[in-house]
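*Asks:* Okay, handing you the structure first.
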Amino acid sequence: MVKVTIDGIEIEVEEGTTILNAARQVGGDIVPPAMCYYSKLEGSGGKCRTCLVEVAAGSERDPRPMPKLMVSCSTQVQHGMVVKNLTSDRVKEARAGVTEFLLANHPLDCPVCDQAGECHLQDLGFENGKEGTRFEEEKRTFAPRDIGDKIKLHMNRCILCYRCVYTANQLTNKRVHGVLNRGDHAEISTYIEKALDNEFIGNVIDVCPVGALTDKTFRFKSRVWFLKPMNAHRDCPTCQGIATVWMFGNEIQRVTGRKDAYGEIETHNGKTAWLCNTCRFESKDVAQWTIEGPRVINRHSVISQGHYVLKNPLEDKSTVKNLK
Amino acid sequence: MGRKLLLEHADVPGIETFDVYRKHGGYRSVEKALKTMSPEEVVEEVKTATLKGRGGAGFPAGMKWSFIAKPEGVPRYLLCNADESEPGTFKDRYLMQYIPHLLIEGMIVSSYALGANQAYIYIRGEYMFVLRIVEKAIAEAYEKGFLGKNILGSGFDLDLSIAPGGGAYICGEETALIESLEGKRGNPRMKPPFPAVQGLWQCPTVVNNVETLATVVPIINMTAAEYTKIGTEQSKGTKLISAGGNVERGGVYEIELGLSVEEFIYGDEWCRGIKNGKKMKALVPGGSSVPILPAHLITKTANGDTRLMSYESLSDGGFASGSMLGSGGFIVFDEDQCIVRNTWNFARFYAHESCGQCSPCREGTGWMEKVLHRIETGKGNMRDIDLLADINKKIEGNTICPLGDAAAWPVAAAIRHFREEFEWHVTHPEEAVKRNYGMLKGVTA
Amino acid sequence: MKIEITEQKRPVLSEEAKAEIQRVIKQYPEGRQKSAILRVMHIVEEEAGGWLSPDTMDMIAEILSIEPIEVYEVATFYTMFNLQPVGKYVFEVCRTGPCMLVGSDNIITYLENKLNIKVGETTTDGMFTLKTAECLGACGYGPMLQCGEEYHEYLTPEKVDELIEACRRGEIKGNKVV
Ligand SMILES: Cc1cc2nc3c(=O)[nH]c(=O)nc-3n(C[C@H](O)[C@H](O)[C@H](O)COP(=O)(O)O)c2cc1C
Ligand code: SF4
Ligand code: SF4
Ligand code: FES
Ligand code: FES
């Protein structure tokens, strides 16, 4: 076990633990936001840079501070390490910068986005953004596309976290979508028209931190904050059948994986409870499920506040009016 | 007349062939190292020579070599970085095109030192014609028993081949190079783990620049003790400099480190001054990513010392009044050149070359390019200049690989030294558009 | 940037090309054949007349036993590969700083006017495609352009005219006609 201090809170964790996971063991506000890291996807992390923290002392043996901010999702703790997250002005400034970068080319179309209310970028903007935007240039735009008959891709909203790529690599035997082009032209795509139709491919919707990949079988039916999330399960030969069903009255409008406080699919019976496509897309009849009871929605979401309000910097009027 | 350790025989007709190269002392260092030295002794010699990496970062090669992990039964790899895409730099091409055997020789000795039995040269795809020259030389070396099994009866085996890139500056970054050599997109990896522990196919790997590996040859031949007599306190030996921009005679020159910048730019043996009898306005001494220096800081440092072609002298004054030797790409600007336009050009280059993996670089470089383009075309405002400085600050140090820094530094330096020129563009939008900065004024078909 | 797709059937590879592909694959350890991808793409592109259609890329995936998306990802990352048909001769003019300082902008404009096309376009007779490139490692000899594998340096309008004439006379190696 190694001892690490995060924002003044001391904790002992197993060797090899990352700073982010150590912070998650403490929980609460000191946990850095993570837009690309996903503990259940090997190789994820390091890309979005929202989880940057300051390492004020490297270790007991070498207590010198690390000159650069470090990505907490991919930096392992050392015995005696001292980490500053919320208590560091450098971190706050860098994170505000990263937030501004992530929103620079983002359409800010929250009022019409399916993910509104459960979007990690919205949370990030709310917690770390500055008022308004200084980005006055023309935004990069892509037309929304169907990738298969179940999944919709709004590339404009994508933050290139690569989670969906890792998901296809690690959960399916044949990846047909990926990252094409490079720089700020990079995009998620299948290149030529191809459908994502593997039995587990629907999980890309659950791992997507924003509204770039959404469930076509749900789109436009309702806004999430009018729905009641319920824990439910069913007997499924393909997956564990452990889900959250989103109900409007007595009707199931959407099925998603069951997510923890950090938006990750929960582990049940020692395995990540990834949902199969049959459970997700084709089991909308209440009779198909055993309803366990209401789902408690975690800290991350504005859904938990029971109503939805536009918050800065997302309510920037100049961009909202361009929505058409 | 400076001493030449690398290019001494570059002009000899036929030097690209094994026989002529051999006749001029080629492959002696292989004989010496494999027959009379242990791998550790070779590493020690390179360490003693304090050879700094010639690819840009200047990390001591011997030290890098000593970091390589040596787990049992796991192959080790030596990779030669011949991606050479830093604007202003073209020395590696010169070396490979004219004396390809020098690189091969250096790679044999270096692989021996590292205990690597497989080595690859990763060359930028646009240099396909150079690839063919090197490939021919490799085949010759195999034929003559300098590559393959049991080289010179020493028991040391080495396979060497050359692989092309496909047009991506980022693949010069060592971990992107490794990804590319694995057949993937050139997305840099996070460090740690460092290549010396987990590189190509997760095996211990050393990546060195073409010139670094070639320089191992004279070091072994003449000994580190002799080698270190050349150069300055902290910069030993010779260095290839690529000279371009508005100099009278651009090209690749081998200089003894410590030559004065003034002599290099104006001396008859070197660049012969500025084209068309103009005055020099600015200089970028180490490839496009290092800070630009204004005229008054080029031949003299801020303290009034003579500025020398050496790692320490070019960086004297830090970023406030100095720059860096970097890859040794000298880009010279004459008095009529527009700094704003050039800064935009470089920013466009970095935005174009960002792999797009991490958000500060992907979004920040594109943003800077757009703002600079507006200023350059007379559509900027004063606020933009500070905005640029701020975007810069938010990219620098916050990215996966140093491309973010490389994109930020030139913009920061240009604003630092030439702020009034940026302001002039804002206050004189119409004139800013009309100016013609090329040398071939007004040429149209 | 919108990805545009043009379909074309895969080329029939010559025996030399096939042998070359096998040779470069063998440069890598067993199971690491994917490492040969860039070289294979260069070889196949040449066989296919200078550009890679989706079907041609699928062929590369088959040769290397990888998924087509892995080829598309690589093809769109590296700028040298043409994913749309190009002319017999592709002029890639370096536009980066050092070349700009010695007049590359004028060379680009000159070529645009002379060929009556914009950067990125191909002449209607299918002879010439004009592109720009980033620093090609010839900064001391600029302005410069690359055509096929060859570098043409110290460009002036006169030298550009000569080059175009030489292409028209068939003295310069151009893309295969397939
Ligand atoms: C964006 C970027 C581009 C680079 N391009 C090159 C290059 O073209 N050639 C090179 O030798 N090193 C390049 N480097 C440096 C390499 O990462 C690495 O440090 C170098 O190859 C090590 O060799 P050396 O120690 O012999 O210089 C680049 C680094 C970065 C961050
Ligand atoms: S589509 Fe979603 S999951 Fe995929 S890279 Fe973009 S933001 Fe990430
Ligand atoms: S800094 Fe730029 S080039 Fe480097 S990994 Fe990040 S996005 Fe890619
Ligand atoms: S979560 Fe760490 S960089 Fe994205
Ligand atoms: S800038 Fe044109 S070749 Fe380097």
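Simple scheme: letters A, B, ... for chains in structure tokens order, numbers from 1 for residues in each chain, numbers from 1 for ligands in the order shown.
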Extract, using only C-alpha atoms, all DNA, RNA and protein residues at most 10 Å from Thr377 in chain B, discarding same-chain residues fewer than 4 positions from it, and format them as a list in words.

*Replies:*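 Non-adjacent residues within range: Val340, Arg341, Leu372, His373, His425, Val426, Pro429, Glu430, Glu431, Ala432, Val433 and Lys434 of chain B.
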
*Asks:* Write out, as an mmCIF file, in the first residue's frame, the residues just selected, with all heavy atoms.

*Replies:*
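Wrote out_5.cif, looks like this:
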```cif
data_model
loop_
_atom_site.group_PDB
_atom_site.id
_atom_site.type_symbol
_atom_site.label_atom_id
_atom_site.label_comp_id
_atom_site.auth_asym_id
_atom_site.auth_seq_id
_atom_site.Cartn_x
_atom_site.Cartn_y
_atom_site.Cartn_z
ATOM 1 N N VAL B 340 4.398 38.639 -39.292
ATOM 2 C CA VAL B 340 3.031 38.173 -39.023
ATOM 3 C C VAL B 340 2.658 37.060 -39.997
ATOM 4 O O VAL B 340 2.146 36.009 -39.618
ATOM 5 C CB VAL B 340 2.018 39.330 -39.134
ATOM 6 C CG1 VAL B 340 0.597 38.824 -38.905
ATOM 7 C CG2 VAL B 340 2.357 40.421 -38.133
ATOM 8 N N ARG B 341 2.971 37.304 -41.258
ATOM 9 C CA ARG B 341 2.636 36.298 -42.261
ATOM 10 C C ARG B 341 3.393 34.993 -41.987
ATOM 11 O O ARG B 341 2.839 33.905 -42.092
ATOM 12 C CB ARG B 341 2.983 36.804 -43.666
ATOM 13 C CG ARG B 341 2.524 35.845 -44.741
ATOM 14 C CD ARG B 341 2.505 36.508 -46.114
ATOM 15 N NE ARG B 341 2.174 35.560 -47.167
ATOM 16 C CZ ARG B 341 0.957 35.108 -47.423
ATOM 17 N NH1 ARG B 341 -0.042 35.530 -46.682
ATOM 18 N NH2 ARG B 341 0.734 34.248 -48.385
ATOM 19 N N LEU B 372 -4.586 34.181 -36.269
ATOM 20 C CA LEU B 372 -3.445 34.771 -36.979
ATOM 21 C C LEU B 372 -3.793 35.084 -38.429
ATOM 22 O O LEU B 372 -3.354 36.092 -38.988
ATOM 23 C CB LEU B 372 -2.243 33.816 -36.924
ATOM 24 C CG LEU B 372 -1.435 33.920 -35.637
ATOM 25 C CD1 LEU B 372 -0.589 32.677 -35.428
ATOM 26 C CD2 LEU B 372 -0.555 35.165 -35.649
ATOM 27 N N HIS B 373 -4.588 34.219 -39.026
ATOM 28 C CA HIS B 373 -4.967 34.465 -40.410
ATOM 29 C C HIS B 373 -5.805 35.729 -40.518
ATOM 30 O O HIS B 373 -5.647 36.526 -41.442
ATOM 31 C CB HIS B 373 -5.735 33.262 -40.985
ATOM 32 C CG HIS B 373 -5.931 33.352 -42.457
ATOM 33 N ND1 HIS B 373 -7.161 33.539 -43.031
ATOM 34 C CD2 HIS B 373 -5.040 33.327 -43.479
ATOM 35 C CE1 HIS B 373 -7.018 33.611 -44.348
ATOM 36 N NE2 HIS B 373 -5.751 33.480 -44.639
ATOM 37 N N HIS B 425 -0.531 45.570 -38.258
ATOM 38 C CA HIS B 425 -1.503 44.855 -39.087
ATOM 39 C C HIS B 425 -2.939 45.170 -38.683
ATOM 40 O O HIS B 425 -3.833 45.220 -39.521
ATOM 41 C CB HIS B 425 -1.275 43.340 -38.997
ATOM 42 C CG HIS B 425 -0.292 42.836 -39.994
ATOM 43 N ND1 HIS B 425 -0.647 42.110 -41.092
ATOM 44 C CD2 HIS B 425 1.052 42.987 -40.060
ATOM 45 C CE1 HIS B 425 0.437 41.816 -41.799
ATOM 46 N NE2 HIS B 425 1.480 42.337 -41.190
ATOM 47 N N VAL B 426 -3.113 45.362 -37.375
ATOM 48 C CA VAL B 426 -4.455 45.677 -36.890
ATOM 49 C C VAL B 426 -4.834 47.112 -37.271
ATOM 50 O O VAL B 426 -5.941 47.374 -37.730
ATOM 51 C CB VAL B 426 -4.546 45.472 -35.366
ATOM 52 C CG1 VAL B 426 -5.877 45.984 -34.826
ATOM 53 C CG2 VAL B 426 -4.353 43.999 -35.013
ATOM 54 N N PRO B 429 -5.138 47.772 -41.765
ATOM 55 C CA PRO B 429 -5.649 46.560 -42.417
ATOM 56 C C PRO B 429 -5.497 46.561 -43.935
ATOM 57 O O PRO B 429 -5.203 45.539 -44.533
ATOM 58 C CB PRO B 429 -7.125 46.524 -42.008
ATOM 59 C CG PRO B 429 -7.448 47.881 -41.522
ATOM 60 C CD PRO B 429 -6.180 48.471 -41.013
ATOM 61 N N GLU B 430 -5.675 47.722 -44.559
ATOM 62 C CA GLU B 430 -5.629 47.715 -46.019
ATOM 63 C C GLU B 430 -4.227 47.500 -46.549
ATOM 64 O O GLU B 430 -4.000 46.698 -47.457
ATOM 65 C CB GLU B 430 -6.229 49.005 -46.586
ATOM 66 C CG GLU B 430 -7.732 48.842 -46.727
ATOM 67 C CD GLU B 430 -8.438 50.166 -46.858
ATOM 68 O OE1 GLU B 430 -7.860 51.087 -47.476
ATOM 69 O OE2 GLU B 430 -9.561 50.275 -46.324
ATOM 70 N N GLU B 431 -3.272 48.201 -45.941
ATOM 71 C CA GLU B 431 -1.883 48.018 -46.359
ATOM 72 C C GLU B 431 -1.418 46.600 -46.093
ATOM 73 O O GLU B 431 -0.653 46.019 -46.860
ATOM 74 C CB GLU B 431 -0.975 48.984 -45.603
ATOM 75 C CG GLU B 431 -0.954 50.370 -46.182
ATOM 76 C CD GLU B 431 -0.218 51.318 -45.261
ATOM 77 O OE1 GLU B 431 1.020 51.258 -45.224
ATOM 78 O OE2 GLU B 431 -0.898 52.076 -44.549
ATOM 79 N N ALA B 432 -1.898 46.044 -44.977
ATOM 80 C CA ALA B 432 -1.487 44.693 -44.598
ATOM 81 C C ALA B 432 -1.844 43.688 -45.687
ATOM 82 O O ALA B 432 -1.109 42.746 -45.941
ATOM 83 C CB ALA B 432 -2.135 44.289 -43.277
ATOM 84 N N VAL B 433 -2.981 43.905 -46.329
ATOM 85 C CA VAL B 433 -3.403 42.969 -47.376
ATOM 86 C C VAL B 433 -2.591 43.158 -48.648
ATOM 87 O O VAL B 433 -2.269 42.205 -49.343
ATOM 88 C CB VAL B 433 -4.911 43.162 -47.697
ATOM 89 C CG1 VAL B 433 -5.379 42.129 -48.711
ATOM 90 C CG2 VAL B 433 -5.728 43.055 -46.424
ATOM 91 N N LYS B 434 -2.266 44.407 -48.937
ATOM 92 C CA LYS B 434 -1.622 44.714 -50.219
ATOM 93 C C LYS B 434 -0.152 44.344 -50.296
ATOM 94 O O LYS B 434 0.389 44.169 -51.369
ATOM 95 C CB LYS B 434 -1.783 46.210 -50.524
ATOM 96 C CG LYS B 434 -3.087 46.493 -51.283
ATOM 97 C CD LYS B 434 -3.080 47.879 -51.844
ATOM 98 C CE LYS B 434 -4.161 48.736 -51.183
ATOM 99 N NZ LYS B 434 -3.712 49.979 -50.601
#
```

*Asks:* Val252 in chain B: which residues within 9 Å, counting only C-alpha atoms, same-chain residues fewer than 4 positions away excluded, as a list in words?

*Replies:*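 Within the cut-off, the hits are Phe90, Lys91, Tyr94, Leu240, Ile241, Ser242, Ala243 and Gly244 of chain B; Gly140 of chain C.
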
*Asks:* Those residues you just picked out, can you put them in a file as a PDB file, in the first residue's frame with C-alpha atoms?

*Replies:*
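Contents of out-v8.pdb, as written:
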```pdb
ATOM      1  CA  PHE B  90      17.080  19.058 -44.518  1.00  0.00           C
ATOM      2  CA  LYS B  91      20.440  17.816 -43.288  1.00  0.00           C
ATOM      3  CA  TYR B  94      21.707  15.242 -47.497  1.00  0.00           C
ATOM      4  CA  LEU B 240      25.148  19.694 -39.665  1.00  0.00           C
ATOM      5  CA  ILE B 241      23.329  22.954 -40.248  1.00  0.00           C
ATOM      6  CA  SER B 242      20.616  23.400 -42.853  1.00  0.00           C
ATOM      7  CA  ALA B 243      20.528  26.982 -44.075  1.00  0.00           C
ATOM      8  CA  GLY B 244      17.504  28.330 -45.879  1.00  0.00           C
TER       9      GLY B 244
ATOM     10  CA  GLY C 140      17.843  25.794 -48.953  1.00  0.00           C
TER      11      GLY C 140
END
```

*Asks:* Any idea what's packed within 7 Å of Ala36 in chain C, counting only C-alpha atoms, ignoring anything in its chain fewer than 4 positions away? Could you give it as a VMD selection string?

*Replies:* (chain B and resid 183) or (chain C and resid 24 to 25 40)

*Asks:* Mind dumping the selected residues with C-alpha atoms as a CSV table (one decimal), in the first residue's frame?

*Replies:*
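Contents of selection-v1.csv, freshly written:
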```csv
chain,number,residue,atom,x,y,z
B,183,GLY,CA,1.3,0.3,-39.1
C,24,VAL,CA,8.6,-5.7,-47.4
C,25,ILE,CA,6.2,-7.8,-45.3
C,40,VAL,CA,2.2,-1.4,-49.3
```

*Asks:* If we count only C-alpha atoms, what is near Lys3 in chain A at a cut-off of 8 Å, once residues fewer than 2 positions away on the same chain are taken out, given as a PyMOL selection string?

*Replies:* chain A and resi 1+5+10-13+78-81

*Asks:* Find the residues near ligand 2. Use a cut-off of 8 Å, count only C-alpha atoms and all ligand atoms, and write them as a PDB file with N, CA and C atoms, in the first residue's frame.

*Replies:*
```pdb
ATOM      1  N   CYS A  36     -12.308  11.334 -20.964  1.00  0.00           N
ATOM      2  CA  CYS A  36     -11.910  10.285 -21.922  1.00  0.00           C
ATOM      3  C   CYS A  36     -11.559   8.974 -21.233  1.00  0.00           C
ATOM      4  N   LEU A 153     -25.018   9.417 -35.159  1.00  0.00           N
ATOM      5  CA  LEU A 153     -23.768  10.106 -34.844  1.00  0.00           C
ATOM      6  C   LEU A 153     -23.910  11.598 -35.141  1.00  0.00           C
ATOM      7  N   HIS A 154     -23.750  12.412 -34.096  1.00  0.00           N
ATOM      8  CA  HIS A 154     -23.674  13.866 -34.249  1.00  0.00           C
ATOM      9  C   HIS A 154     -22.218  14.236 -34.045  1.00  0.00           C
ATOM     10  N   MET A 155     -21.461  14.195 -35.118  1.00  0.00           N
ATOM     11  CA  MET A 155     -20.014  14.397 -35.002  1.00  0.00           C
ATOM     12  C   MET A 155     -19.680  15.776 -34.440  1.00  0.00           C
ATOM     13  N   ARG A 157     -20.688  17.152 -31.977  1.00  0.00           N
ATOM     14  CA  ARG A 157     -20.622  17.166 -30.511  1.00  0.00           C
ATOM     15  C   ARG A 157     -19.496  16.299 -29.968  1.00  0.00           C
ATOM     16  N   CYS A 158     -18.844  15.571 -30.833  1.00  0.00           N
ATOM     17  CA  CYS A 158     -17.830  14.596 -30.395  1.00  0.00           C
ATOM     18  C   CYS A 158     -16.603  15.308 -29.837  1.00  0.00           C
ATOM     19  N   ILE A 159     -16.069  14.796 -28.747  1.00  0.00           N
ATOM     20  CA  ILE A 159     -14.842  15.376 -28.191  1.00  0.00           C
ATOM     21  C   ILE A 159     -13.635  14.488 -28.444  1.00  0.00           C
ATOM     22  N   LEU A 160     -13.783  13.498 -29.306  1.00  0.00           N
ATOM     23  CA  LEU A 160     -12.692  12.603 -29.691  1.00  0.00           C
ATOM     24  C   LEU A 160     -12.016  11.947 -28.484  1.00  0.00           C
ATOM     25  N   CYS A 161     -12.846  11.395 -27.633  1.00  0.00           N
ATOM     26  CA  CYS A 161     -12.297  10.728 -26.457  1.00  0.00           C
ATOM     27  C   CYS A 161     -11.803   9.322 -26.786  1.00  0.00           C
ATOM     28  N   TYR A 162     -12.166   8.823 -27.934  1.00  0.00           N
ATOM     29  CA  TYR A 162     -11.777   7.485 -28.416  1.00  0.00           C
ATOM     30  C   TYR A 162     -12.458   6.344 -27.656  1.00  0.00           C
ATOM     31  N   ARG A 163     -13.351   6.648 -26.707  1.00  0.00           N
ATOM     32  CA  ARG A 163     -13.960   5.559 -25.934  1.00  0.00           C
ATOM     33  C   ARG A 163     -14.719   4.590 -26.826  1.00  0.00           C
ATOM     34  N   CYS A 164     -15.452   5.136 -27.811  1.00  0.00           N
ATOM     35  CA  CYS A 164     -16.263   4.253 -28.659  1.00  0.00           C
ATOM     36  C   CYS A 164     -15.388   3.366 -29.521  1.00  0.00           C
ATOM     37  N   VAL A 165     -14.181   3.854 -29.825  1.00  0.00           N
ATOM     38  CA  VAL A 165     -13.265   3.047 -30.634  1.00  0.00           C
ATOM     39  C   VAL A 165     -12.736   1.877 -29.795  1.00  0.00           C
ATOM     40  N   VAL A 179     -11.361   6.572 -36.031  1.00  0.00           N
ATOM     41  CA  VAL A 179     -11.069   7.991 -36.164  1.00  0.00           C
ATOM     42  C   VAL A 179     -10.412   8.215 -37.520  1.00  0.00           C
ATOM     43  N   GLU A 187     -12.335  12.938 -37.195  1.00  0.00           N
ATOM     44  CA  GLU A 187     -13.731  12.628 -36.938  1.00  0.00           C
ATOM     45  C   GLU A 187     -13.939  11.129 -36.765  1.00  0.00           C
ATOM     46  N   ILE A 188     -15.006  10.821 -36.046  1.00  0.00           N
ATOM     47  CA  ILE A 188     -15.438   9.443 -35.911  1.00  0.00           C
ATOM     48  C   ILE A 188     -16.249   9.105 -37.150  1.00  0.00           C
ATOM     49  N   VAL A 204     -21.476   1.674 -27.322  1.00  0.00           N
ATOM     50  CA  VAL A 204     -20.805   2.935 -27.657  1.00  0.00           C
ATOM     51  C   VAL A 204     -21.668   4.118 -27.207  1.00  0.00           C
ATOM     52  N   ILE A 205     -22.975   3.912 -27.183  1.00  0.00           N
ATOM     53  CA  ILE A 205     -23.876   4.985 -26.738  1.00  0.00           C
ATOM     54  C   ILE A 205     -23.652   5.269 -25.256  1.00  0.00           C
ATOM     55  N   VAL A 207     -20.932   4.647 -23.459  1.00  0.00           N
ATOM     56  CA  VAL A 207     -19.611   5.168 -23.089  1.00  0.00           C
ATOM     57  C   VAL A 207     -19.414   6.600 -23.582  1.00  0.00           C
ATOM     58  N   CYS A 208     -20.155   7.013 -24.574  1.00  0.00           N
ATOM     59  CA  CYS A 208     -19.980   8.356 -25.128  1.00  0.00           C
ATOM     60  C   CYS A 208     -20.316   9.399 -24.064  1.00  0.00           C
ATOM     61  N   PRO A 209     -19.359  10.261 -23.723  1.00  0.00           N
ATOM     62  CA  PRO A 209     -19.577  11.212 -22.631  1.00  0.00           C
ATOM     63  C   PRO A 209     -20.476  12.381 -23.030  1.00  0.00           C
ATOM     64  N   VAL A 210     -20.701  12.514 -24.334  1.00  0.00           N
ATOM     65  CA  VAL A 210     -21.510  13.636 -24.835  1.00  0.00           C
ATOM     66  C   VAL A 210     -22.634  13.087 -25.694  1.00  0.00           C
ATOM     67  N   GLY A 211     -23.300  13.957 -26.417  1.00  0.00           N
ATOM     68  CA  GLY A 211     -24.423  13.509 -27.228  1.00  0.00           C
ATOM     69  C   GLY A 211     -24.048  13.181 -28.652  1.00  0.00           C
ATOM     70  N   ALA A 212     -22.822  12.684 -28.840  1.00  0.00           N
ATOM     71  CA  ALA A 212     -22.387  12.389 -30.209  1.00  0.00           C
ATOM     72  C   ALA A 212     -22.960  11.078 -30.710  1.00  0.00           C
ATOM     73  N   LEU A 213     -23.051  10.087 -29.832  1.00  0.00           N
ATOM     74  CA  LEU A 213     -23.635   8.817 -30.218  1.00  0.00           C
ATOM     75  C   LEU A 213     -24.904   8.627 -29.401  1.00  0.00           C
TER      76      LEU A 213
END
```

*Asks:* Can you check which residues of chain C have any atom within 9 Å of chain A? Use only C-alpha atoms and format it as a list in words.

*Replies:*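 In the required form, that comes to Met1, Lys2, Ile3, Ile5, Pro54, Glu67, Pro68, Ile69, Glu70, Tyr72, Glu73, Val74, Ala75, Thr76, Phe77 and Tyr78 of chain C.
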
*Asks:* Return as a list in words every polymer residue, whether protein, DNA or RNA, with at least one atom no more than 6 Å from an atom of ligand 3; count only C-alpha atoms and all ligand atoms.

*Replies:* Asn187, Pro188, Ser354, Cys355, Gly356, Gln357, Cys358, Cys361, Arg362, Thr399, Ile400, Cys401, Pro402, Leu403 and Gly404 of chain B

*Asks:* Write out the residues from the selection above, keeping all heavy atoms, as a short mmCIF file (atom, residue, chain, number, x, y, z; two decimals), in the first residue's frame.

*Replies:*
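result-v1.cif was written with the following content:
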```cif
data_model
loop_
_atom_site.label_atom_id
_atom_site.label_comp_id
_atom_site.auth_asym_id
_atom_site.auth_seq_id
_atom_site.Cartn_x
_atom_site.Cartn_y
_atom_site.Cartn_z
N ASN B 187 -0.31 8.58 -33.76
CA ASN B 187 -0.70 9.21 -32.50
C ASN B 187 0.38 8.97 -31.47
O ASN B 187 0.62 7.82 -31.11
CB ASN B 187 -2.01 8.60 -31.97
CG ASN B 187 -3.23 9.10 -32.70
OD1 ASN B 187 -3.14 9.97 -33.56
ND2 ASN B 187 -4.37 8.54 -32.37
N PRO B 188 1.01 10.04 -30.95
CA PRO B 188 2.02 9.83 -29.91
C PRO B 188 1.45 9.10 -28.71
O PRO B 188 0.26 9.19 -28.41
CB PRO B 188 2.42 11.26 -29.53
CG PRO B 188 2.14 12.06 -30.74
CD PRO B 188 0.91 11.46 -31.33
N SER B 354 -1.02 18.62 -36.36
CA SER B 354 -1.47 18.07 -35.08
C SER B 354 -2.17 16.75 -35.33
O SER B 354 -2.97 16.62 -36.24
CB SER B 354 -2.44 19.06 -34.42
OG SER B 354 -3.21 18.39 -33.44
N CYS B 355 -1.87 15.75 -34.49
CA CYS B 355 -2.51 14.46 -34.71
C CYS B 355 -3.98 14.51 -34.30
O CYS B 355 -4.77 13.70 -34.72
CB CYS B 355 -1.77 13.35 -33.97
SG CYS B 355 -2.22 13.17 -32.23
N GLY B 356 -4.31 15.48 -33.43
CA GLY B 356 -5.71 15.66 -33.05
C GLY B 356 -6.15 14.83 -31.87
O GLY B 356 -7.33 14.72 -31.58
N GLN B 357 -5.19 14.24 -31.20
CA GLN B 357 -5.53 13.36 -30.09
C GLN B 357 -5.92 14.10 -28.82
O GLN B 357 -6.87 13.74 -28.16
CB GLN B 357 -4.28 12.53 -29.80
CG GLN B 357 -4.49 11.09 -29.61
CD GLN B 357 -3.23 10.43 -29.08
OE1 GLN B 357 -3.35 9.47 -28.39
NE2 GLN B 357 -2.06 10.93 -29.37
N CYS B 358 -5.14 15.11 -28.47
CA CYS B 358 -5.47 15.78 -27.20
C CYS B 358 -6.05 17.17 -27.46
O CYS B 358 -5.66 17.87 -28.38
CB CYS B 358 -4.29 15.80 -26.24
SG CYS B 358 -2.77 16.50 -26.80
N CYS B 361 -4.07 20.80 -27.98
CA CYS B 361 -3.34 20.93 -29.24
C CYS B 361 -4.31 20.93 -30.41
O CYS B 361 -4.23 21.79 -31.29
CB CYS B 361 -2.31 19.83 -29.36
SG CYS B 361 -1.52 19.70 -30.98
N ARG B 362 -5.22 19.97 -30.43
CA ARG B 362 -6.16 19.88 -31.56
C ARG B 362 -6.93 21.18 -31.74
O ARG B 362 -6.99 21.74 -32.82
CB ARG B 362 -7.15 18.73 -31.33
CG ARG B 362 -8.21 18.63 -32.41
CD ARG B 362 -9.21 17.51 -32.10
NE ARG B 362 -10.03 17.77 -30.94
CZ ARG B 362 -10.10 17.00 -29.87
NH1 ARG B 362 -9.38 15.91 -29.78
NH2 ARG B 362 -10.88 17.32 -28.85
N THR B 399 -0.11 19.15 -23.03
CA THR B 399 -0.45 18.21 -24.08
C THR B 399 0.29 16.88 -23.91
O THR B 399 1.17 16.76 -23.08
CB THR B 399 -0.09 18.80 -25.46
OG1 THR B 399 1.28 19.19 -25.44
CG2 THR B 399 -0.95 20.00 -25.77
N ILE B 400 -0.08 15.89 -24.72
CA ILE B 400 0.55 14.58 -24.64
C ILE B 400 1.99 14.64 -25.10
O ILE B 400 2.89 14.11 -24.47
CB ILE B 400 -0.22 13.54 -25.50
CG1 ILE B 400 -1.64 13.33 -24.94
CG2 ILE B 400 0.54 12.20 -25.54
CD1 ILE B 400 -2.47 12.34 -25.73
N CYS B 401 2.22 15.30 -26.23
CA CYS B 401 3.57 15.31 -26.78
C CYS B 401 4.00 16.76 -26.97
O CYS B 401 3.20 17.68 -26.86
CB CYS B 401 3.61 14.54 -28.10
SG CYS B 401 3.21 15.52 -29.55
N PRO B 402 5.27 17.00 -27.28
CA PRO B 402 5.76 18.39 -27.37
C PRO B 402 5.29 19.14 -28.62
O PRO B 402 5.69 20.28 -28.79
CB PRO B 402 7.28 18.24 -27.39
CG PRO B 402 7.57 16.84 -26.97
CD PRO B 402 6.38 16.03 -27.36
N LEU B 403 4.48 18.55 -29.49
CA LEU B 403 4.03 19.33 -30.63
C LEU B 403 3.24 20.55 -30.17
O LEU B 403 3.31 21.61 -30.78
CB LEU B 403 3.19 18.51 -31.62
CG LEU B 403 2.86 19.26 -32.91
CD1 LEU B 403 3.07 18.41 -34.14
CD2 LEU B 403 1.46 19.83 -32.93
N GLY B 404 2.51 20.39 -29.08
CA GLY B 404 1.78 21.53 -28.54
C GLY B 404 2.71 22.69 -28.22
O GLY B 404 2.47 23.83 -28.62
#
```
